[in-house]
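One file, input28.txt, is given below (compact mmCIF, C-alpha atoms).
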```txt
# COMPACT_ATOMS: atom_id res chain seq x y z
CA MET J 1 0.00 0.00 0.00
CA LYS J 2 1.46 3.32 -1.10
CA ILE J 3 1.06 6.09 1.47
CA LYS J 4 1.94 9.75 0.85
CA ASP J 5 1.12 11.04 4.33
CA ALA J 6 -0.27 8.94 7.18
CA ARG J 7 -2.10 11.98 8.57
CA SER J 8 -4.41 11.98 5.55
CA LEU J 9 -5.70 8.52 6.46
CA SER J 10 -8.86 7.83 8.39
CA PRO J 11 -8.56 7.02 12.12
CA GLU J 12 -9.24 3.34 11.34
CA ALA J 13 -6.51 3.25 8.66
CA GLN J 14 -4.02 5.01 10.95
CA GLU J 15 -4.75 2.47 13.67
CA GLU J 16 -4.15 -0.41 11.24
CA LEU J 17 -0.89 1.24 10.12
CA ARG J 18 0.39 1.39 13.69
CA PHE J 19 -0.46 -2.27 14.32
CA ARG J 20 1.31 -3.38 11.12
CA ALA J 21 4.38 -1.26 11.77
CA VAL J 22 4.82 -2.51 15.36
CA ASP J 23 4.21 -6.14 14.27
CA ALA J 24 6.88 -5.75 11.60
CA VAL J 25 9.46 -4.43 14.11
CA ASN J 26 8.58 -7.14 16.65
CA ASN J 27 9.11 -9.74 13.93
CA GLY J 28 12.69 -8.55 13.30
CA MET J 29 12.40 -5.64 10.88
CA LYS J 30 14.68 -2.72 11.66
CA ARG J 31 13.00 0.54 12.62
CA VAL J 32 14.72 2.48 9.80
CA GLU J 33 13.40 0.00 7.24
CA ALA J 34 9.90 0.04 8.79
CA ALA J 35 9.90 3.84 8.60
CA LYS J 36 10.65 3.72 4.87
CA ILE J 37 8.04 1.05 4.15
CA PHE J 38 5.24 2.67 6.14
CA LYS J 39 6.19 6.22 5.13
CA VAL J 40 6.57 7.63 8.65
CA SER J 41 9.58 8.89 10.60
CA ARG J 42 11.88 6.56 12.53
CA GLN J 43 11.06 8.51 15.70
CA ILE J 44 7.34 7.73 15.26
CA ILE J 45 8.11 4.03 14.83
CA GLY J 46 10.10 4.19 18.07
CA GLU J 47 7.22 5.88 19.94
CA TRP J 48 4.74 3.25 18.73
CA VAL J 49 6.99 0.40 19.81
CA LYS J 50 7.60 1.97 23.22
CA LYS J 51 3.89 2.50 23.85
CA TYR J 52 3.16 -1.06 22.82
CA GLU J 53 5.79 -2.41 25.22
CA GLU J 54 4.53 -0.27 28.14
CA GLU J 55 0.76 -0.30 27.66
CA GLY J 56 0.01 -3.05 25.19
CA LYS J 57 -2.13 -3.09 22.06
CA LYS J 58 -4.70 -0.62 23.42
CA SER J 59 -2.12 2.19 23.25
CA LEU J 60 -2.08 1.94 19.43
CA LYS J 61 -5.83 2.35 18.99
CA SER J 62 -7.16 5.61 17.56
CA LYS J 63 -8.68 8.02 20.03
CA PRO J 64 -11.84 10.05 19.31
CA LYS J 65 -11.05 13.39 17.71
CA GLY J 66 -12.63 16.74 18.45
CA ARG J 67 -14.20 17.97 21.65
CA PRO J 68 -14.89 15.52 24.46
CA LYS J 69 -18.57 14.58 24.50
CA LYS J 70 -18.71 14.30 28.26
CA SER J 71 -19.90 17.45 30.02
CA ARG J 72 -17.64 19.04 32.63
CA LEU J 73 -20.76 19.75 34.68
CA LYS J 74 -22.27 17.01 36.77
CA ALA J 75 -25.97 16.26 36.38
CA HIS J 76 -27.01 18.10 39.56
CA GLU J 77 -24.81 21.10 38.63
CA ALA J 78 -26.38 21.35 35.17
CA ALA J 79 -29.85 21.06 36.72
CA LEU J 80 -29.13 23.99 39.04
CA ILE J 81 -27.90 26.19 36.18
CA VAL J 82 -31.03 25.39 34.14
CA LYS J 83 -33.25 26.22 37.13
CA ILE J 84 -31.54 29.58 37.68
CA VAL J 85 -31.60 30.62 34.01
CA LYS J 86 -35.29 29.70 33.73
CA GLY J 87 -36.38 31.36 36.95
CA LYS J 88 -34.20 34.43 37.47
CA CYS J 89 -32.69 37.37 35.63
CA PRO J 90 -28.93 38.12 35.81
CA GLU J 91 -29.65 41.41 37.61
CA GLN J 92 -31.30 39.50 40.46
CA LEU J 93 -27.98 37.74 41.06
CA ASN J 94 -26.03 41.04 40.92
CA PHE J 95 -24.41 40.10 37.61
CA PRO J 96 -23.46 42.94 35.23
CA PHE J 97 -25.76 41.52 32.56
CA TYR J 98 -29.31 42.39 31.53
CA LEU J 99 -30.00 39.20 29.57
CA TRP J 100 -28.92 35.56 29.80
CA THR J 101 -26.18 35.56 27.16
CA ARG J 102 -23.50 32.89 26.80
CA GLU J 103 -21.12 35.15 28.68
CA ALA J 104 -23.64 35.56 31.52
CA VAL J 105 -24.16 31.80 31.84
CA MET J 106 -20.40 31.31 31.67
CA SER J 107 -19.98 33.68 34.64
CA LEU J 108 -22.78 31.90 36.51
CA ILE J 109 -21.08 28.50 36.10
CA GLU J 110 -17.74 29.90 37.21
CA GLU J 111 -19.26 31.54 40.30
CA LYS J 112 -21.31 28.50 41.35
CA PHE J 113 -18.83 25.70 40.67
CA ASN J 114 -15.46 27.39 39.98
CA ILE J 115 -15.43 25.81 36.51
CA VAL J 116 -14.06 27.94 33.67
CA ILE J 117 -15.37 27.07 30.21
CA SER J 118 -15.57 28.95 26.92
CA LYS J 119 -18.67 30.73 25.67
CA TRP J 120 -18.83 28.27 22.76
CA THR J 121 -19.03 25.37 25.20
CA VAL J 122 -21.74 27.25 27.10
CA GLY J 123 -23.59 27.64 23.81
CA ARG J 124 -23.53 23.87 23.28
CA TYR J 125 -24.70 23.28 26.85
CA LEU J 126 -27.61 25.67 26.39
CA LYS J 127 -28.62 23.97 23.15
CA ASN J 128 -28.50 20.55 24.80
CA TRP J 129 -30.59 21.86 27.70
CA GLY J 130 -33.30 23.05 25.31
CA PHE J 131 -32.52 26.79 25.34
CA THR J 132 -32.62 28.93 22.19
CA PRO J 133 -31.86 32.66 21.75
CA GLN J 134 -35.18 34.54 21.84
CA LYS J 135 -36.50 38.06 22.10
CA PRO J 136 -37.70 38.36 25.71
CA LEU J 137 -40.99 39.74 26.91
CA ARG J 138 -40.62 42.93 28.93
CA ARG J 139 -42.02 42.52 32.42
CA ALA J 140 -42.29 45.24 35.04
CA TYR J 141 -40.54 44.86 38.40
CA GLU J 142 -43.81 45.92 40.06
CA ARG J 143 -45.65 42.93 38.64
CA ASN J 144 -47.11 40.80 41.44
CA PRO J 145 -46.75 37.06 40.68
CA GLU J 146 -49.37 36.13 43.29
CA LYS J 147 -51.98 38.38 41.69
CA VAL J 148 -51.15 37.01 38.24
CA GLU J 149 -51.52 33.44 39.47
CA LYS J 150 -54.83 34.30 41.12
CA TRP J 151 -56.04 35.87 37.88
CA LEU J 152 -55.10 32.82 35.84
CA LYS J 153 -56.40 30.19 38.26
CA GLU J 154 -59.37 31.89 39.91
CA GLU J 155 -60.54 35.24 38.56
CA TYR J 156 -60.53 34.66 34.82
CA PRO J 157 -62.05 31.15 35.04
CA GLN J 158 -64.88 32.70 37.08
CA ILE J 159 -65.38 35.45 34.48
CA LYS J 160 -65.43 32.84 31.74
CA GLU J 161 -68.02 30.76 33.61
CA ARG J 162 -70.20 33.81 34.28
CA SER J 163 -70.06 34.81 30.62
CA LYS J 164 -71.41 31.40 29.66
CA ASN J 165 -74.22 31.62 32.20
CA GLU J 166 -75.20 35.13 31.05
CA ASN J 167 -74.53 34.44 27.36
CA ALA J 168 -72.04 37.34 27.34
CA GLU J 169 -69.20 37.97 24.89
CA ILE J 170 -65.69 38.50 26.32
CA TYR J 171 -63.77 41.36 24.72
CA TRP J 172 -60.15 42.21 25.47
CA GLY J 173 -59.41 45.91 25.08
CA ASP J 174 -56.45 48.27 25.05
CA GLU J 175 -55.33 51.60 23.59
CA MET J 176 -52.02 52.89 22.29
CA GLY J 177 -50.37 55.86 20.61
CA LEU J 178 -48.89 55.79 17.12
CA ARG J 179 -45.96 57.98 16.05
CA SER J 180 -44.98 59.02 12.56
CA ASP J 181 -41.29 58.22 13.18
CA HIS J 182 -41.91 54.63 14.23
CA GLN J 183 -40.00 52.19 12.02
CA ALA J 184 -40.02 48.40 11.77
CA GLY J 185 -38.41 45.85 9.48
CA ARG J 186 -35.11 45.91 7.56
CA THR J 187 -33.93 46.70 4.05
CA TYR J 188 -30.97 45.38 2.10
CA GLY J 189 -27.92 47.57 1.62
CA ILE J 190 -24.22 47.33 0.82
CA LYS J 191 -22.18 46.02 3.74
CA GLY J 192 -20.78 48.91 5.74
CA GLU J 193 -23.14 51.44 4.13
CA THR J 194 -26.30 52.08 6.14
CA PRO J 195 -29.28 52.52 3.79
CA VAL J 196 -31.14 55.83 4.00
CA ILE J 197 -34.94 55.94 3.74
CA SER J 198 -36.55 59.25 2.85
CA GLY J 199 -39.39 60.53 5.02
CA THR J 200 -40.85 63.70 6.41
CA GLY J 201 -39.01 65.42 9.22
CA LYS J 202 -42.31 66.37 10.83
CA ARG J 203 -43.48 64.45 13.83
CA PHE J 204 -47.14 63.74 14.42
CA ARG J 205 -49.18 61.08 16.09
CA CYS J 206 -52.60 59.60 16.55
CA ASN J 207 -54.18 57.17 18.98
CA MET J 208 -56.24 54.03 18.67
CA ILE J 209 -58.36 51.91 20.97
CA SER J 210 -59.40 48.40 20.07
CA ALA J 211 -61.12 45.31 21.41
CA ILE J 212 -60.91 41.71 20.19
CA THR J 213 -62.48 38.34 21.00
CA ASN J 214 -61.12 34.83 20.70
CA ARG J 215 -63.66 34.28 17.91
CA GLY J 216 -61.81 36.74 15.70
CA GLN J 217 -64.06 39.78 16.18
CA LEU J 218 -62.41 43.20 16.15
CA SER J 219 -63.69 46.70 16.99
CA PHE J 220 -61.54 49.81 16.89
CA MET J 221 -61.52 53.59 16.92
CA VAL J 222 -58.73 55.85 15.66
CA PHE J 223 -58.58 59.39 17.06
CA ASP J 224 -56.15 62.27 17.42
CA GLU J 225 -57.31 63.88 20.67
CA LYS J 226 -56.02 62.92 24.10
CA PHE J 227 -57.31 59.66 25.55
CA THR J 228 -59.92 60.70 28.10
CA ALA J 229 -62.97 59.22 29.80
CA SER J 230 -65.15 60.85 27.14
CA VAL J 231 -63.20 59.13 24.36
CA PHE J 232 -63.26 55.84 26.25
CA THR J 233 -67.01 55.87 26.90
CA ARG J 234 -67.59 56.86 23.28
CA PHE J 235 -65.79 53.73 22.19
CA LEU J 236 -67.69 51.59 24.69
CA TYR J 237 -70.97 53.04 23.44
CA ARG J 238 -70.08 52.12 19.86
CA LEU J 239 -69.03 48.66 21.02
CA THR J 240 -72.28 47.96 22.86
CA LYS J 241 -74.39 49.43 20.06
CA SER J 242 -73.00 46.93 17.56
CA ALA J 243 -73.20 43.96 19.97
CA SER J 244 -76.08 41.52 19.99
CA ARG J 245 -75.52 40.45 23.60
CA LYS J 246 -73.93 41.63 26.83
CA ILE J 247 -70.21 42.39 26.79
CA TYR J 248 -67.60 41.46 29.38
CA PHE J 249 -64.81 43.95 28.74
CA ILE J 250 -61.35 43.03 30.11
CA THR J 251 -58.61 45.66 30.16
CA ASP J 252 -55.91 47.13 32.39
CA SER J 253 -56.28 49.64 35.23
CA HIS J 254 -55.41 52.74 33.21
CA PRO J 255 -56.52 55.90 35.11
CA VAL J 256 -59.12 56.60 32.40
CA HIS J 257 -60.56 53.08 32.75
CA VAL J 258 -61.14 53.54 36.48
CA SER J 259 -62.14 57.20 36.36
CA LYS J 260 -65.37 58.37 37.99
CA LYS J 261 -66.88 59.30 34.64
CA ALA J 262 -66.13 55.87 33.16
CA LYS J 263 -67.50 54.08 36.23
CA LYS J 264 -70.64 56.20 36.16
CA TRP J 265 -71.22 55.37 32.49
CA LEU J 266 -70.62 51.68 33.15
CA GLU J 267 -73.12 51.73 36.01
CA GLN J 268 -75.72 53.31 33.75
CA ASN J 269 -75.13 50.64 31.12
CA LYS J 270 -74.50 47.63 33.35
CA ASN J 271 -77.14 45.60 31.54
CA LYS J 272 -75.07 45.95 28.32
CA ILE J 273 -71.47 45.85 29.50
CA GLU J 274 -69.39 44.94 32.54
CA MET J 275 -65.73 45.81 33.10
CA PHE J 276 -62.98 43.57 34.53
CA TYR J 277 -59.38 44.54 35.21
CA LEU J 278 -56.17 42.61 34.61
CA PRO J 279 -53.52 42.39 37.36
CA PRO J 280 -51.35 45.54 37.52
CA TYR J 281 -48.25 45.71 35.29
CA SER J 282 -49.22 42.58 33.33
CA PRO J 283 -49.79 43.65 29.70
CA GLU J 284 -48.53 40.27 28.48
CA LEU J 285 -51.81 38.74 29.72
CA ASN J 286 -53.86 40.85 27.31
CA PRO J 287 -54.29 39.37 23.79
CA ASP J 288 -55.11 42.85 22.44
CA GLU J 289 -51.47 43.81 23.04
CA LEU J 290 -50.61 41.46 20.15
CA LEU J 291 -52.91 43.42 17.87
CA ASN J 292 -51.14 46.61 18.99
CA ASN J 293 -47.78 45.10 18.05
CA ASP J 294 -49.17 43.95 14.72
CA VAL J 295 -50.46 47.42 13.88
CA LYS J 296 -47.22 49.12 14.91
CA THR J 297 -45.03 46.67 12.99
CA ASN J 298 -47.05 45.89 9.88
CA GLY J 299 -49.61 48.66 9.68
CA LEU J 300 -47.40 51.64 10.51
CA GLY J 301 -43.74 50.64 10.80
CA ARG J 302 -43.41 49.61 7.14
CA THR J 303 -45.04 52.76 5.72
CA ARG J 304 -44.05 56.43 5.62
CA PRO J 305 -47.15 58.65 6.12
CA LYS J 306 -46.54 62.29 5.22
CA THR J 307 -49.37 63.74 7.31
CA GLN J 308 -51.42 62.88 10.35
CA ASP J 309 -54.52 62.37 8.19
CA GLU J 310 -52.62 59.90 6.01
CA MET J 311 -51.40 58.03 9.09
CA LYS J 312 -54.95 57.75 10.46
CA LYS J 313 -56.25 56.68 7.06
CA ASN J 314 -53.56 53.97 6.75
CA THR J 315 -54.20 52.74 10.28
CA ARG J 316 -57.95 52.48 9.71
CA ALA J 317 -57.40 50.66 6.41
CA TYR J 318 -55.06 48.19 8.05
CA LEU J 319 -57.47 47.50 10.93
CA ARG J 320 -60.35 47.02 8.49
CA SER J 321 -58.25 44.44 6.66
CA ARG J 322 -57.78 42.65 9.97
CA MET J 323 -61.55 42.70 10.53
CA LYS J 324 -61.87 40.76 7.27
CA THR J 325 -59.34 38.14 8.40
CA PRO J 326 -60.69 36.86 11.75
CA GLN J 327 -58.36 33.86 11.65
CA ILE J 328 -55.40 36.18 12.23
CA ILE J 329 -57.13 37.61 15.30
CA LYS J 330 -57.84 34.07 16.52
CA ASN J 331 -54.17 33.20 16.08
CA PHE J 332 -53.21 35.93 18.57
CA PHE J 333 -54.88 33.84 21.26
CA LYS J 334 -52.65 30.87 20.43
CA LYS J 335 -49.56 32.67 21.71
CA GLN J 336 -48.20 31.04 24.83
CA GLN J 337 -48.67 34.01 27.17
CA VAL J 338 -52.37 34.47 26.29
CA ASN J 339 -53.57 31.03 25.24
CA TYR J 340 -55.41 30.78 28.55
CA ALA J 341 -57.97 33.11 26.95
CA ALA J 342 -58.40 31.08 23.75
```
Write out the structure in this file as C-alpha cells.
Amino acid sequence: MKIKDARSLSPEAQEELRFRAVDAVNNGMKRVEAAKIFKVSRQIIGEWVKKYEEEGKKSLKSKPKGRPKKSRLKAHEAALIVKIVKGKCPEQLNFPFYLWTREAVMSLIEEKFNIVISKWTVGRYLKNWGFTPQKPLRRAYERNPEKVEKWLKEEYPQIKERSKNENAEIYWGDEMGLRSDHQAGRTYGIKGETPVISGTGKRFRCNMISAITNRGQLSFMVFDEKFTASVFTRFLYRLTKSASRKIYFITDSHPVHVSKKAKKWLEQNKNKIEMFYLPPYSPELNPDELLNNDVKTNGLGRTRPKTQDEMKKNTRAYLRSRMKTPQIIKNFFKKQQVNYAA
C-alpha cells in the first residue's frame, strides 16, 4: 500500500498502520526500514513500539477526535444552572448583565462551581438543555406574581363561567399611541453602508383603541385627541351598540378606565357591558397587546405617512383588513402568554 502522508488517512486506517508497523518491528524488521516502508519517521516508529511495550495493544488504537462529549458539569450542577436561568434574571444575582447571554451563563457556572469554560461550550450546553436565543418579553418589576396566578387560576375562570351563564361575549381591550417616526423591518444595503430611507421630518401622532375576541371579532376607533374618559365611553358606546348580547370587557387599570366618569357610564349601562381589570403591570396577559404590536409593525412601521390624516387613514385601512381576516385575530390567542384566553 502506497502512502503519501499517514495523517491523511482515516482514524481506522491510521490504527491499522500502527499495528502493522509494530508487528513488523517485533518480527525482526529494523526501525529504519519500517519507517521507509510505512512512510513515517523513525522517531514515530520508536514511539509506537515503546507504547506497545509499556501499555500493550490498546495504546495503538485511535482516540476520538474533536471535543470531548462528556460534560464538565455534573448532572445536579447542570440542573441547578437550568433552574436559575429559567427562573431568574442576571440582575437579580447582581451580575453585570441584563440578559442571559452565553457570557452571563459562563460567569454563573464559574461563580457557582469554579469551573471555567468557553462561551462556545456554554452555547452547546444551552442547546442541549433546550434553550434557544429569543427576544424576551418585557415585564415590570412591580408585577405581582401572586396576583397574576390568582387571575389565571381563579378570577378569569370565574369570568369565563359567568359569561357562559349570562350568554355574554368577552372582549379584550387596550389603547395605544402611534408615532410618525416609528420604524419596523429591515432593508438590504451594501455592507458597511447604512441605507437611507426618505421621510418627512415632521413628527405627528394619533391614537387608537381596540377590542378583540377569541372568535376573531375586532372593533376599533382611531382618534387624534387625548385619551380621556369621554373618548373611552364613546368607544364603549359604539361597542355595545353593535353587539347583539352583553359584553364582558377586560382591560388594564389605566386611570381613564377607572375614572369616575367611566364608572358612572358603566353603572348606567350595566345591563349591556361589565368591566374587569387585569392584574397591575401585566400587559402580556392581554391578547389585544398582540394586535397593537401587529399594527405598529405591519400597519405603521413599514409605511411612511406624510401627514397625520394619512397616518390615520392607513391605520384604519389596516385594521379594516384585519376585521376581514378573523383567523389572524384568533391566532393571537394561540400565543403562549395568552392562550389561557383562547
Extract, using only C-alpha atoms, all DNA, RNA and protein residues at most 8 Å from Arg205 of chain J, discarding same-chain residues fewer than 5 positions from it, and format them as number ranges by chain.
J: 177-180, 224, 308, 311
Each residue of segment 54-97 of chain J with at least one atom at most 12 Å from segment 8-23 of chain J should appear once, together with its nearest atom pair and the corresponding distance in Å (one decimal); atoms considered: all atoms listed in the file; ordering: chain, then increasing residue number; output as JSON lines.
```
{"residue": "J:Gly56", "atom": "CA", "partner": "J:Phe19", "partner_atom": "CA", "distance": 10.9}
{"residue": "J:Lys57", "atom": "CA", "partner": "J:Phe19", "partner_atom": "CA", "distance": 8.0}
{"residue": "J:Lys58", "atom": "CA", "partner": "J:Phe19", "partner_atom": "CA", "distance": 10.2}
{"residue": "J:Ser59", "atom": "CA", "partner": "J:Arg18", "partner_atom": "CA", "distance": 9.9}
{"residue": "J:Leu60", "atom": "CA", "partner": "J:Arg18", "partner_atom": "CA", "distance": 6.3}
{"residue": "J:Lys61", "atom": "CA", "partner": "J:Glu15", "partner_atom": "CA", "distance": 5.4}
{"residue": "J:Ser62", "atom": "CA", "partner": "J:Glu15", "partner_atom": "CA", "distance": 5.5}
{"residue": "J:Lys63", "atom": "CA", "partner": "J:Pro11", "partner_atom": "CA", "distance": 8.0}
{"residue": "J:Pro64", "atom": "CA", "partner": "J:Pro11", "partner_atom": "CA", "distance": 8.5}
{"residue": "J:Lys65", "atom": "CA", "partner": "J:Pro11", "partner_atom": "CA", "distance": 8.8}
```
Which of these, J:Lys135, J:Lys39, J:Arg72, J:Lys226, has the shortest distance to Val122 of chain J once you count all atoms listed in the file?
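Of all the options, J:Arg72 lies closest to Val122 of chain J.
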Compile the contact shell of Met221 of chain J as a ChimeraX atom specification: residues with an atom at most 9 Å away, counting only C-alpha atoms, same-chain residues fewer than 3 positions apart removed.
/J:207-210,235,316
Could you give me, as number ranges by chain, the residues that sit within 10 Å of (-71.8, 36.5, 22.6) in the file's coordinates, counting only C-alpha atoms?
J: 163-164, 166-171, 213, 215, 243-248
With all atoms listed in the file as the atoms that count, which of J:Lys335, J:Arg162, J:Lys147, J:Lys241 lies nearest to Tyr281 of chain J?
J:Lys147
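Shortest atom-to-atom contact with Lys260 of chain J among J:Ile273, J:Leu239, J:Ala211, J:Ala229: J:Ala229, counting only C-alpha atoms.
The interatomic distance for the pair atom CA of Pro287 of chain J and atom CA of Arg320 of chain J works out to 18.1 Å.
Coordinates place atom CA of Asp288 of chain J at a distance of 10.9 Å from atom CA of Ser219 of chain J.
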Which residues, written as a PyMOL selection string, have at least one atom at most 12 Å from Cys89 of chain J, with all atoms listed in the file counted and residues fewer than 6 positions away on the same chain left out?
chain J and resi 83+95-101+104-105+108+136+138-139+141
Neighbours of Lys334 of chain J within 12 Å (all atoms listed in the file; same-chain residues fewer than 4 positions away dropped), as a VMD selection string?
chain J and resid 214 to 216 287 290 327 to 330 338 to 342
Atom pair atom CA of Glu55 of chain J / atom CA of Gly28 of chain J: separation (Å)
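Going from atom CA of Glu55 of chain J over to atom CA of Gly28 of chain J, I get 20.4 Å.
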Identify, on the basis of only C-alpha atoms, every residue whose closest approach to Ile45 of chain J does not exceed 7 Å; exclude the query and any residue fewer than 3 positions from it along the same chain; express the result as a compact mmCIF listing (two decimals) with C-alpha atoms, in the frame of the given file.
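Saved to result_6.txt:
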```txt
# COMPACT_ATOMS: atom_id res chain seq x y z
CA ARG J 31 13.00 0.54 12.62
CA ALA J 35 9.90 3.84 8.60
CA SER J 41 9.58 8.89 10.60
CA ARG J 42 11.88 6.56 12.53
CA TRP J 48 4.74 3.25 18.73
CA VAL J 49 6.99 0.40 19.81
```
Restricting the calculation to all atoms listed in the file, which member of J:Pro283, J:Pro305, J:Gly123, J:Pro157 is positioned closest to Glu175 of chain J?
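Residue with the minimum atom-to-atom distance to Glu175 of chain J: J:Pro283.
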With distances taken over all atoms listed in the file, which residue among J:Tyr277, J:Tyr237, J:Phe227, J:Phe232 lies nearest Thr251 of chain J?
J:Tyr277
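Using only C-alpha atoms for every distance, the candidate list J:Ala78, J:Cys206, J:Thr240, J:Lys324 yields J:Cys206 as the residue closest to Glu225 of chain J.
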